[in-house]
Amino acid sequence: MDDPEVAALYALVAERLKQAHARVHALNVSADAKTALTRQLLIVTETAKRDLPGAARRLSRFVQDLDEGRPPVV
């Protein structure tokens, strides 16, 4: 990972994923709902391995949906 911009985006996505996981963990929802949301975050993690900008967009939508009280759909 020689490109500093790519490295910075990886670091940003990793930090935002960590924060999103913490938010999901803290939600007052059923265990099934948390499992479904965690799976969506794992999809973002897997996407980051192939398409980092796409993963960043998916994660942004996920977090925006959390912020707006809507169930995130990735």
# chains A, B, ... in the order shown; residues from 1 in each chain; ligands from 1
$ residues_around --residues "Ala8 (chain A)" --least-positions-apart "6" --cutoff "12 Å" --atoms "only C-alpha atoms" --output "list in words"
Met1, Asp2, Ala14, Glu15, Leu52, Pro53 and Ala56 of chain A
$ write_last_selection --atoms "N, CA, C and O atoms" --output "mmCIF file, in the first residue's frame"
data_model
loop_
_atom_site.group_PDB
_atom_site.id
_atom_site.type_symbol
_atom_site.label_atom_id
_atom_site.label_comp_id
_atom_site.auth_asym_id
_atom_site.auth_seq_id
_atom_site.Cartn_x
_atom_site.Cartn_y
_atom_site.Cartn_z
ATOM 1 N N MET A 1 0.850 -1.162 0.000
ATOM 2 C CA MET A 1 0.000 0.000 0.000
ATOM 3 C C MET A 1 0.899 1.229 0.000
ATOM 4 O O MET A 1 1.131 1.866 0.999
ATOM 5 N N ASP A 2 1.421 1.538 -1.167
ATOM 6 C CA ASP A 2 2.367 2.638 -1.301
ATOM 7 C C ASP A 2 1.701 3.995 -1.472
ATOM 8 O O ASP A 2 2.314 5.014 -1.218
ATOM 9 N N ALA A 14 -11.612 1.869 8.214
ATOM 10 C CA ALA A 14 -11.423 0.985 9.376
ATOM 11 C C ALA A 14 -11.939 1.648 10.655
ATOM 12 O O ALA A 14 -12.643 1.015 11.451
ATOM 13 N N GLU A 15 -11.628 2.911 10.849
ATOM 14 C CA GLU A 15 -12.088 3.623 12.049
ATOM 15 C C GLU A 15 -13.605 3.767 12.040
ATOM 16 O O GLU A 15 -14.264 3.577 13.068
ATOM 17 N N LEU A 52 -12.543 -0.358 -2.323
ATOM 18 C CA LEU A 52 -12.482 0.520 -1.153
ATOM 19 C C LEU A 52 -13.411 1.722 -1.266
ATOM 20 O O LEU A 52 -14.166 2.003 -0.331
ATOM 21 N N PRO A 53 -13.426 2.439 -2.387
ATOM 22 C CA PRO A 53 -14.365 3.567 -2.488
ATOM 23 C C PRO A 53 -15.826 3.117 -2.369
ATOM 24 O O PRO A 53 -16.640 3.795 -1.740
ATOM 25 N N ALA A 56 -16.584 2.518 1.232
ATOM 26 C CA ALA A 56 -16.724 3.788 1.951
ATOM 27 C C ALA A 56 -18.120 4.379 1.714
ATOM 28 O O ALA A 56 -18.749 4.891 2.651
#
$ closest_residue --among "A:Ala22, A:Ala48, A:Leu42, A:Leu37" --to "Arg70 (chain A)" --atoms "only C-alpha atoms"
A:Leu37
$ residues_around --residues "Glu46 (chain A)" --least-positions-apart "2" --cutoff "12 Å" --atoms "only C-alpha atoms" --output "short mmCIF file (atom, residue, chain, number, x, y, z; two decimals) with C-alpha atoms, in the first residue's frame"
data_model
loop_
_atom_site.label_atom_id
_atom_site.label_comp_id
_atom_site.auth_asym_id
_atom_site.auth_seq_id
_atom_site.Cartn_x
_atom_site.Cartn_y
_atom_site.Cartn_z
CA VAL A 13 -12.94 3.18 6.64
CA ALA A 14 -11.42 0.99 9.38
CA LEU A 17 -16.33 0.50 10.75
CA ARG A 39 -23.69 -8.93 8.94
CA GLN A 40 -24.24 -5.79 6.88
CA LEU A 41 -21.08 -4.30 8.37
CA LEU A 42 -19.19 -7.50 7.55
CA ILE A 43 -20.33 -7.10 3.95
CA VAL A 44 -18.82 -3.60 3.96
CA ALA A 48 -13.33 -2.94 1.17
CA LYS A 49 -10.95 -5.72 0.11
CA ARG A 50 -12.08 -5.38 -3.53
CA ASP A 51 -13.59 -1.91 -3.83
CA LEU A 52 -12.48 0.52 -1.15
CA GLY A 54 -17.52 1.46 -2.84
CA ALA A 55 -17.15 0.22 0.72
CA ALA A 56 -16.72 3.79 1.95
CA ARG A 58 -21.86 1.80 1.61
CA LEU A 59 -20.59 2.57 5.08
#
$ residues_around --residues "Val24 (chain A)" --least-positions-apart "5" --cutoff "10 Å" --atoms "only C-alpha atoms" --output "list in words"
Gln19, Val29, Ala33, Lys34, Thr35, Ala36, Leu37, Thr38, Leu41 and Leu66 of chain A
$ closest_residue --among "A:Ala20, A:Ala31, A:Ala11, A:Val6" --to "Asp65 (chain A)" --atoms "only C-alpha atoms"
A:Ala20
$ select_by_dssp --residues "chain A" --states "helix (DSSP H, G or I)" --output "PyMOL selection string"
chain A and resi 4-26+31-50+52-67
